[in-house]
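Student: Data file target-v7.cif (mmCIF, C-alpha atoms) is appended below.
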```
data_start
loop_
_atom_site.group_PDB
_atom_site.id
_atom_site.type_symbol
_atom_site.label_atom_id
_atom_site.label_comp_id
_atom_site.auth_asym_id
_atom_site.auth_seq_id
_atom_site.Cartn_x
_atom_site.Cartn_y
_atom_site.Cartn_z
ATOM 1 C CA MET A 1 66.557 115.868 104.828
ATOM 2 C CA ASN A 2 68.954 113.347 106.377
ATOM 3 C CA LEU A 3 72.279 114.269 107.975
ATOM 4 C CA ASP A 4 74.319 113.358 104.882
ATOM 5 C CA ASP A 5 72.217 115.621 102.663
ATOM 6 C CA ALA A 6 72.287 118.425 105.230
ATOM 7 C CA ILE A 7 76.093 118.354 105.466
ATOM 8 C CA SER A 8 76.471 118.246 101.678
ATOM 9 C CA SER A 9 74.091 121.183 101.228
ATOM 10 C CA PHE A 10 75.802 123.245 103.917
ATOM 11 C CA LEU A 11 79.357 122.755 102.655
ATOM 12 C CA ASN A 12 78.279 123.202 99.049
ATOM 13 C CA SER A 13 76.753 126.567 99.945
ATOM 14 C CA PHE A 14 80.306 127.987 99.783
ATOM 15 C CA VAL A 15 80.689 126.856 96.148
ATOM 16 C CA GLY A 16 79.866 129.088 93.210
ATOM 17 C CA LYS A 17 80.005 132.366 95.121
ATOM 18 C CA SER A 18 83.613 133.221 94.379
ATOM 19 C CA TYR A 19 85.937 132.139 91.585
ATOM 20 C CA THR A 20 88.837 132.257 94.044
ATOM 21 C CA VAL A 21 87.079 129.988 96.532
ATOM 22 C CA ASP A 22 86.221 127.557 93.737
ATOM 23 C CA GLU A 23 89.852 127.548 92.607
ATOM 24 C CA ILE A 24 91.080 126.840 96.133
ATOM 25 C CA LEU A 25 88.580 124.019 96.632
ATOM 26 C CA THR A 26 89.475 122.462 93.297
ATOM 27 C CA GLU A 27 93.196 122.714 93.988
ATOM 28 C CA LEU A 28 92.723 121.067 97.377
ATOM 29 C CA LEU A 29 90.741 118.382 95.595
ATOM 30 C CA SER A 30 93.494 117.258 93.251
ATOM 31 C CA GLY A 31 96.657 119.361 93.580
ATOM 32 C CA PRO A 32 99.491 116.880 94.320
ATOM 33 C CA MET A 33 101.594 119.441 96.197
ATOM 34 C CA LEU A 34 98.886 119.868 98.827
ATOM 35 C CA THR A 35 97.763 116.239 98.921
ATOM 36 C CA GLY A 36 99.968 113.257 98.113
ATOM 37 C CA ALA A 37 103.273 115.152 98.041
ATOM 38 C CA ALA A 38 102.561 116.726 101.429
ATOM 39 C CA TYR A 39 102.077 113.334 103.094
ATOM 40 C CA LEU A 40 105.065 111.741 101.367
ATOM 41 C CA SER A 41 107.305 114.663 102.322
ATOM 42 C CA VAL A 42 106.496 114.036 105.976
ATOM 43 C CA VAL A 43 107.058 110.294 105.539
ATOM 44 C CA TRP A 44 110.540 111.027 104.129
ATOM 45 C CA PHE A 45 111.187 113.414 107.024
ATOM 46 C CA LEU A 46 110.343 110.635 109.468
ATOM 47 C CA TRP A 47 112.497 108.181 107.514
ATOM 48 C CA PHE A 48 115.623 110.312 107.844
ATOM 49 C CA LYS A 49 114.783 111.609 111.316
ATOM 50 C CA ASN A 50 114.981 108.112 112.784
ATOM 51 C CA SER A 51 117.554 105.721 111.363
ATOM 52 C CA ASP A 52 116.431 102.784 113.525
ATOM 53 C CA ALA A 53 115.891 99.853 111.150
ATOM 54 C CA ARG A 54 112.790 98.541 112.948
ATOM 55 C CA ASP A 55 111.070 101.917 112.878
ATOM 56 C CA ARG A 56 111.882 102.232 109.184
ATOM 57 C CA VAL A 57 110.398 98.799 108.508
ATOM 58 C CA ARG A 58 107.226 99.824 110.348
ATOM 59 C CA LEU A 59 107.114 103.016 108.288
ATOM 60 C CA LEU A 60 107.365 101.026 105.054
ATOM 61 C CA ILE A 61 104.689 98.587 106.227
ATOM 62 C CA GLY A 62 102.393 101.480 107.149
ATOM 63 C CA VAL A 63 102.705 103.218 103.781
ATOM 64 C CA ALA A 64 102.252 99.926 101.906
ATOM 65 C CA THR A 65 99.144 99.189 103.987
ATOM 66 C CA ALA A 66 97.685 102.627 103.266
ATOM 67 C CA VAL A 67 98.126 101.967 99.537
ATOM 68 C CA ALA A 68 96.627 98.486 99.878
ATOM 69 C CA ALA A 69 93.635 99.897 101.774
ATOM 70 C CA ALA A 70 93.060 102.452 99.020
ATOM 71 C CA LEU A 71 93.201 99.702 96.390
ATOM 72 C CA LEU A 72 90.711 97.688 98.434
ATOM 73 C CA GLY A 73 88.497 100.770 98.601
ATOM 74 C CA LEU A 74 88.737 101.138 94.836
ATOM 75 C CA ALA A 75 87.786 97.481 94.370
ATOM 76 C CA LEU A 76 84.795 97.941 96.682
ATOM 77 C CA GLN A 77 83.794 101.067 94.782
ATOM 78 C CA LEU A 78 83.707 99.074 91.553
ATOM 79 C CA SER A 79 82.005 95.995 92.995
ATOM 80 C CA LEU A 80 79.438 97.301 95.486
ATOM 81 C CA PRO A 81 75.994 98.510 94.311
ATOM 82 C CA PHE A 82 76.295 101.851 92.554
ATOM 83 C CA HIS A 83 75.836 104.893 94.819
ATOM 84 C CA ALA A 84 75.504 108.140 92.865
ATOM 85 C CA ARG A 85 77.603 111.070 93.992
ATOM 86 C CA PRO A 86 75.699 113.903 95.700
ATOM 87 C CA LEU A 87 76.603 116.253 92.841
ATOM 88 C CA TYR A 88 74.283 114.220 90.629
ATOM 89 C CA ASP A 89 71.377 114.074 93.082
ATOM 90 C CA ALA A 90 68.901 116.513 91.557
ATOM 91 C CA ALA A 91 67.027 116.783 94.857
ATOM 92 C CA LEU A 92 70.025 118.427 96.544
ATOM 93 C CA HIS A 93 70.437 121.192 93.935
ATOM 94 C CA LEU A 94 74.192 121.375 94.529
ATOM 95 C CA LYS A 95 76.223 124.036 92.736
ATOM 96 C CA TRP A 96 79.121 123.204 90.425
ATOM 97 C CA ALA A 97 82.585 124.651 90.967
ATOM 98 C CA SER A 98 83.946 126.568 87.986
ATOM 99 C CA ARG A 99 86.644 124.014 87.064
ATOM 100 C CA ILE A 100 84.512 120.890 87.482
ATOM 101 C CA GLY A 101 83.285 119.751 84.090
ATOM 102 C CA PRO A 102 79.820 118.256 83.482
ATOM 103 C CA GLY A 103 79.785 114.495 83.897
ATOM 104 C CA THR A 104 82.938 114.375 86.030
ATOM 105 C CA LEU A 105 83.008 111.022 87.870
ATOM 106 C CA SER A 106 79.328 110.477 87.098
ATOM 107 C CA HIS A 107 80.041 106.836 86.244
ATOM 108 C CA ARG A 108 81.863 106.133 89.514
ATOM 109 C CA SER A 109 80.215 105.261 92.800
ATOM 110 C CA SER A 110 80.717 107.667 95.687
ATOM 111 C CA PHE A 111 81.460 104.953 98.273
ATOM 112 C CA PRO A 112 84.095 104.385 99.385
ATOM 113 C CA SER A 113 86.500 107.223 98.637
ATOM 114 C CA ASP A 114 89.895 105.815 97.673
ATOM 115 C CA HIS A 115 91.441 109.257 98.194
ATOM 116 C CA ALA A 116 90.067 109.584 101.727
ATOM 117 C CA THR A 117 91.187 106.039 102.507
ATOM 118 C CA ILE A 118 94.806 106.612 101.546
ATOM 119 C CA TRP A 119 94.952 110.132 103.048
ATOM 120 C CA PHE A 120 93.660 108.937 106.412
ATOM 121 C CA GLY A 121 95.880 105.871 106.146
ATOM 122 C CA LEU A 122 98.993 107.997 105.605
ATOM 123 C CA ALA A 123 97.929 110.397 108.357
ATOM 124 C CA THR A 124 97.716 107.399 110.686
ATOM 125 C CA VAL A 125 101.217 106.276 109.681
ATOM 126 C CA ILE A 126 102.539 109.730 110.458
ATOM 127 C CA PHE A 127 100.632 109.960 113.756
ATOM 128 C CA LEU A 128 101.954 106.616 115.004
ATOM 129 C CA HIS A 129 105.517 107.745 114.326
ATOM 130 C CA HIS A 130 105.211 111.393 115.422
ATOM 131 C CA ARG A 131 102.152 112.432 117.417
ATOM 132 C CA LYS A 132 102.345 116.215 116.925
ATOM 133 C CA ILE A 133 102.905 116.126 113.172
ATOM 134 C CA GLY A 134 100.355 113.329 112.917
ATOM 135 C CA ALA A 135 97.706 115.442 114.626
ATOM 136 C CA VAL A 136 98.316 118.181 112.055
ATOM 137 C CA ALA A 137 98.093 115.560 109.294
ATOM 138 C CA PHE A 138 94.684 114.435 110.560
ATOM 139 C CA VAL A 139 93.393 118.010 110.644
ATOM 140 C CA TRP A 140 94.686 118.608 107.115
ATOM 141 C CA THR A 141 93.087 115.354 105.921
ATOM 142 C CA ALA A 142 89.755 116.422 107.385
ATOM 143 C CA ILE A 143 90.025 119.718 105.469
ATOM 144 C CA LEU A 144 90.827 117.934 102.206
ATOM 145 C CA CYS A 145 87.908 115.556 102.657
ATOM 146 C CA ALA A 146 85.569 118.430 103.563
ATOM 147 C CA CYS A 147 86.482 119.948 100.184
ATOM 148 C CA ARG A 148 85.425 116.731 98.432
ATOM 149 C CA VAL A 149 82.098 116.872 100.260
ATOM 150 C CA ALA A 150 81.666 120.576 99.437
ATOM 151 C CA LEU A 151 82.262 119.911 95.740
ATOM 152 C CA GLY A 152 79.666 117.141 95.780
ATOM 153 C CA PHE A 153 81.989 114.198 95.105
ATOM 154 C CA HIS A 154 81.201 112.364 98.352
ATOM 155 C CA TYR A 155 78.748 112.276 101.217
ATOM 156 C CA ALA A 156 80.088 112.714 104.732
ATOM 157 C CA SER A 157 79.269 109.050 105.447
ATOM 158 C CA ASP A 158 81.411 108.029 102.446
ATOM 159 C CA ILE A 159 84.336 109.867 104.009
ATOM 160 C CA ALA A 160 83.673 108.403 107.466
ATOM 161 C CA GLY A 161 83.622 104.847 106.143
ATOM 162 C CA SER A 162 86.730 105.402 104.039
ATOM 163 C CA ALA A 163 88.558 107.009 106.973
ATOM 164 C CA ALA A 164 87.743 104.003 109.139
ATOM 165 C CA LEU A 165 89.112 101.658 106.476
ATOM 166 C CA GLY A 166 92.405 103.532 106.160
ATOM 167 C CA ILE A 167 92.911 104.140 109.886
ATOM 168 C CA ILE A 168 92.046 100.611 111.033
ATOM 169 C CA ALA A 169 94.121 98.931 108.319
ATOM 170 C CA VAL A 170 97.239 100.967 109.104
ATOM 171 C CA ALA A 171 96.782 100.743 112.885
ATOM 172 C CA LEU A 172 96.564 96.949 112.669
ATOM 173 C CA SER A 173 99.594 96.777 110.378
ATOM 174 C CA GLN A 174 101.693 98.649 112.913
ATOM 175 C CA ARG A 175 100.982 95.943 115.481
ATOM 176 C CA ILE A 176 102.743 93.336 113.333
ATOM 177 C CA PRO A 177 105.982 92.384 115.107
ATOM 178 C CA VAL A 178 109.044 93.496 113.180
ATOM 179 C CA THR A 179 111.450 90.587 113.243
ATOM 180 C CA VAL A 180 115.197 90.861 113.501
ATOM 181 C CA ARG A 181 115.403 89.277 110.050
ATOM 182 C CA ALA A 182 113.240 92.048 108.519
ATOM 183 C CA SER A 183 115.261 94.862 110.058
ATOM 184 C CA THR A 184 118.519 93.124 109.161
ATOM 185 C CA LEU A 185 117.360 92.700 105.575
ATOM 186 C CA LEU A 186 116.509 96.400 105.278
ATOM 187 C CA THR A 187 119.872 97.353 106.733
ATOM 188 C CA LEU A 188 121.600 95.034 104.268
ATOM 189 C CA ILE A 189 119.693 96.512 101.318
ATOM 190 C CA LEU A 190 120.579 100.054 102.390
ATOM 191 C CA GLU A 191 124.216 99.088 102.738
ATOM 192 C CA GLN A 192 124.592 97.145 99.494
ATOM 193 C CA ARG A 193 121.831 98.442 97.215
ATOM 194 C CA GLN A 194 121.240 101.949 98.522
ATOM 195 C CA ALA A 195 121.157 103.622 95.095
ATOM 196 C CA ALA A 196 118.677 101.097 93.682
ATOM 197 C CA PHE A 197 116.512 101.293 96.816
ATOM 198 C CA TYR A 198 116.198 105.069 96.722
ATOM 199 C CA LEU A 199 115.604 105.033 92.970
ATOM 200 C CA ALA A 200 112.629 102.710 93.447
ATOM 201 C CA ALA A 201 111.489 104.651 96.523
ATOM 202 C CA PHE A 202 111.590 107.950 94.643
ATOM 203 C CA LEU A 203 109.565 106.562 91.731
ATOM 204 C CA MET A 204 106.972 105.052 94.058
ATOM 205 C CA SER A 205 106.804 108.271 96.080
ATOM 206 C CA TYR A 206 106.185 110.276 92.935
ATOM 207 C CA GLU A 207 103.451 107.927 91.711
ATOM 208 C CA LEU A 208 101.829 107.910 95.130
ATOM 209 C CA SER A 209 101.953 111.709 95.318
ATOM 210 C CA VAL A 210 99.936 111.924 92.070
ATOM 211 C CA PHE A 211 97.778 108.970 93.133
ATOM 212 C CA PHE A 212 99.270 106.631 90.523
ATOM 213 C CA ALA A 213 97.929 108.763 87.680
ATOM 214 C CA ASP A 214 100.200 107.097 85.117
ATOM 215 C CA PHE A 215 99.012 103.631 86.075
ATOM 216 C CA GLN A 216 95.421 104.828 86.050
ATOM 217 C CA GLU A 217 95.817 106.092 82.491
ATOM 218 C CA ILE A 218 97.177 102.714 81.428
ATOM 219 C CA VAL A 219 94.235 100.934 83.073
ATOM 220 C CA GLU A 220 91.862 103.436 81.492
ATOM 221 C CA MET A 221 93.232 102.676 78.049
ATOM 222 C CA LEU A 222 93.016 98.945 78.653
ATOM 223 C CA MET A 223 89.574 98.909 80.260
ATOM 224 C CA HIS A 224 88.092 101.934 78.440
ATOM 225 C CA LYS A 225 86.962 103.484 81.683
ATOM 226 C CA ARG A 226 88.396 106.253 83.767
ATOM 227 C CA ILE A 227 89.818 105.502 87.204
ATOM 228 C CA ALA A 228 90.107 108.501 89.536
#
```
Render the structure in this file as structure tokens.
Tutor:
Amino acid sequence: MNLDDAISSFLNSFVGKSYTVDEILTELLSGPMLTGAAYLSVVWFLWFKNSDARDRVRLLIGVATAVAAALLGLALQLSLPFHARPLYDAALHLKWASRIGPGTLSHRSSFPSDHATIWFGLATVIFLHHRKIGAVAFVWTAILCACRVALGFHYASDIAGSAALGIIAVALSQRIPVTVRASTLLTLILEQRQAAFYLAAFLMSYELSVFFADFQEIVEMLMHKRIA
């Protein structure tokens, strides 16, 4: 048994023994309050904690890069050779959590994980703007991703590769020099179009907190395939 299989089997050994444990794992898998909303709440905290225009521009660039990295991960997931999720590897004999229905994500490749990519990307944004909170964000992200491994949705190597994608992309984006023009433009928008800016920011924050579920449903209807 290779390391990936060993990790999947070990973490999955906690599944199916308790309905409460299964409920917690499933909620950590997809509950927006504990996933997307948690990260975005911290991002908003950092936004209002520091009113410096350049830092705010960097924060916007970081979040946008995390989203872009997740979209790239999704594109890779759809274009790379299919890699079945560990839950569907009969040789591993993984147990199913009570709320996970048969066939869930069976048609989607396990690598890379778009969720892990954006979570680690956002954790990196937070860390680069506030080290202590960022460290907590990384620990929380590791817990969330461990839940995905335990439930059989990803191998540990899927998470590692996705984490690298999100972290590297955001770290590089934060090295982009923020010009005076960019910071001046943001200041001007906040002065003259503050209401419109925060309206758009709220809508995007909501969609990001639920991992663009509404857009995914539209794509699903158009392409007749589920995007998760």
Student: Care to translate the PyMOL selection byres ((chain A and resi 125) around 8) into actual residues of this file, as number ranges by chain?
Tutor: A: 59, 62-63, 121-124, 126-129, 134, 170-171
Student: Grab the residues selected above and save them as a short mmCIF file (atom, residue, chain, number, x, y, z; two decimals), in the frame of the given file with C-alpha atoms.
Tutor:
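Below you can see selection_1.cif, which holds the result:
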```
data_model
loop_
_atom_site.label_atom_id
_atom_site.label_comp_id
_atom_site.auth_asym_id
_atom_site.auth_seq_id
_atom_site.Cartn_x
_atom_site.Cartn_y
_atom_site.Cartn_z
CA LEU A 59 107.11 103.02 108.29
CA GLY A 62 102.39 101.48 107.15
CA VAL A 63 102.70 103.22 103.78
CA GLY A 121 95.88 105.87 106.15
CA LEU A 122 98.99 108.00 105.60
CA ALA A 123 97.93 110.40 108.36
CA THR A 124 97.72 107.40 110.69
CA ILE A 126 102.54 109.73 110.46
CA PHE A 127 100.63 109.96 113.76
CA LEU A 128 101.95 106.62 115.00
CA HIS A 129 105.52 107.74 114.33
CA GLY A 134 100.36 113.33 112.92
CA VAL A 170 97.24 100.97 109.10
CA ALA A 171 96.78 100.74 112.88
#
```
Student: Anything within 12 Å of (85.4, 99.0, 91.7): list those residues as a list in words, counting all atoms listed in the file and sticking to the file's coordinates.
Tutor: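 Returned residue set, sorted by chain then number, is Ala70, Leu71, Leu72, Gly73, Leu74, Ala75, Leu76, Gln77, Leu78, Ser79, Leu80, Pro81, Phe82, His83, His107, Arg108, Ser109, Ser110, Phe111, Pro112, Ser113, Asp114, Lys225, Arg226, Ile227 and Ala228 of chain A.
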Student: For region 2-11 of chain A, find every residue with an atom within 8 Å (counting all atoms listed in the file), except residues of its own chain fewer than 2 positions away, and show them as a list in words.
Tutor: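 Contacts, in chain order: Ser13, Phe14, Val15, Pro86, Leu92, Leu94, Ala146, Val149, Ala150, Gly152, Tyr155, Ala156 and Ser157 of chain A.
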Student: Separation of CA of Asp158 (chain A) and CA of Ala84 (chain A), in Å?
Tutor: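 Distance between the two atoms: 11.3 Å.
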Student: Please compute the CA of Arg131 (chain A)-CA of Val178 (chain A) distance, one decimal, in Å.
Tutor: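 Between CA of Arg131 (chain A) and CA of Val178 (chain A) the gap is 20.6 Å.
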Student: Written as a PDB file with C-alpha atoms, keeping the file's coordinate frame, which residues does the PyMOL selection byres ((chain A and resi 190-203) around 12) give for the file shown?
Tutor:
```pdb
ATOM      1  CA  ALA A  37     103.273 115.152  98.041  1.00  0.00           C
ATOM      2  CA  LEU A  40     105.065 111.741 101.367  1.00  0.00           C
ATOM      3  CA  SER A  41     107.305 114.663 102.322  1.00  0.00           C
ATOM      4  CA  VAL A  43     107.058 110.294 105.539  1.00  0.00           C
ATOM      5  CA  TRP A  44     110.540 111.027 104.129  1.00  0.00           C
ATOM      6  CA  TRP A  47     112.497 108.181 107.514  1.00  0.00           C
ATOM      7  CA  SER A  51     117.554 105.721 111.363  1.00  0.00           C
ATOM      8  CA  ALA A  53     115.891  99.853 111.150  1.00  0.00           C
ATOM      9  CA  ARG A  56     111.882 102.232 109.184  1.00  0.00           C
ATOM     10  CA  VAL A  57     110.398  98.799 108.508  1.00  0.00           C
ATOM     11  CA  LEU A  60     107.365 101.026 105.054  1.00  0.00           C
ATOM     12  CA  VAL A  63     102.705 103.218 103.781  1.00  0.00           C
ATOM     13  CA  ALA A  64     102.252  99.926 101.906  1.00  0.00           C
ATOM     14  CA  SER A 183     115.261  94.862 110.058  1.00  0.00           C
ATOM     15  CA  THR A 184     118.519  93.124 109.161  1.00  0.00           C
ATOM     16  CA  LEU A 185     117.360  92.700 105.575  1.00  0.00           C
ATOM     17  CA  LEU A 186     116.509  96.400 105.278  1.00  0.00           C
ATOM     18  CA  THR A 187     119.872  97.353 106.733  1.00  0.00           C
ATOM     19  CA  LEU A 188     121.600  95.034 104.268  1.00  0.00           C
ATOM     20  CA  ILE A 189     119.693  96.512 101.318  1.00  0.00           C
ATOM     21  CA  MET A 204     106.972 105.052  94.058  1.00  0.00           C
ATOM     22  CA  SER A 205     106.804 108.271  96.080  1.00  0.00           C
ATOM     23  CA  TYR A 206     106.185 110.276  92.935  1.00  0.00           C
ATOM     24  CA  GLU A 207     103.451 107.927  91.711  1.00  0.00           C
ATOM     25  CA  LEU A 208     101.829 107.910  95.130  1.00  0.00           C
ATOM     26  CA  SER A 209     101.953 111.709  95.318  1.00  0.00           C
ATOM     27  CA  VAL A 210      99.936 111.924  92.070  1.00  0.00           C
ATOM     28  CA  PHE A 212      99.270 106.631  90.523  1.00  0.00           C
ATOM     29  CA  ASP A 214     100.200 107.097  85.117  1.00  0.00           C
TER      30      ASP A 214
END
```
Student: In Å, with one decimal, what is the gap from CA of Thr117 (chain A) to CA of Ala164 (chain A)?
Tutor: 7.7 Å
Student: With distances taken over only C-alpha atoms, which of A:His154, A:His130, A:Arg85, A:Arg54 is nearest to Arg181 (chain A)?
Tutor: A:Arg54
Student: Between A:Lys95, A:Ala182, A:Phe211, A:Ile118, single out the one closest to Arg58 (chain A), counting only C-alpha atoms.
Tutor: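 For Arg58 (chain A), the nearest of the given residues is A:Ala182.
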Student: The centre and edge lengths of an axis-aligned box containing all atoms of region 23-29 of chain A present in the file, extended by 4 Å on each side, are to be given in Å to one decimal, as JSON.
Tutor:
```
{"center_x": 90.9, "center_y": 123.0, "center_z": 95.0, "size_x": 12.6, "size_y": 17.2, "size_z": 12.8}
```
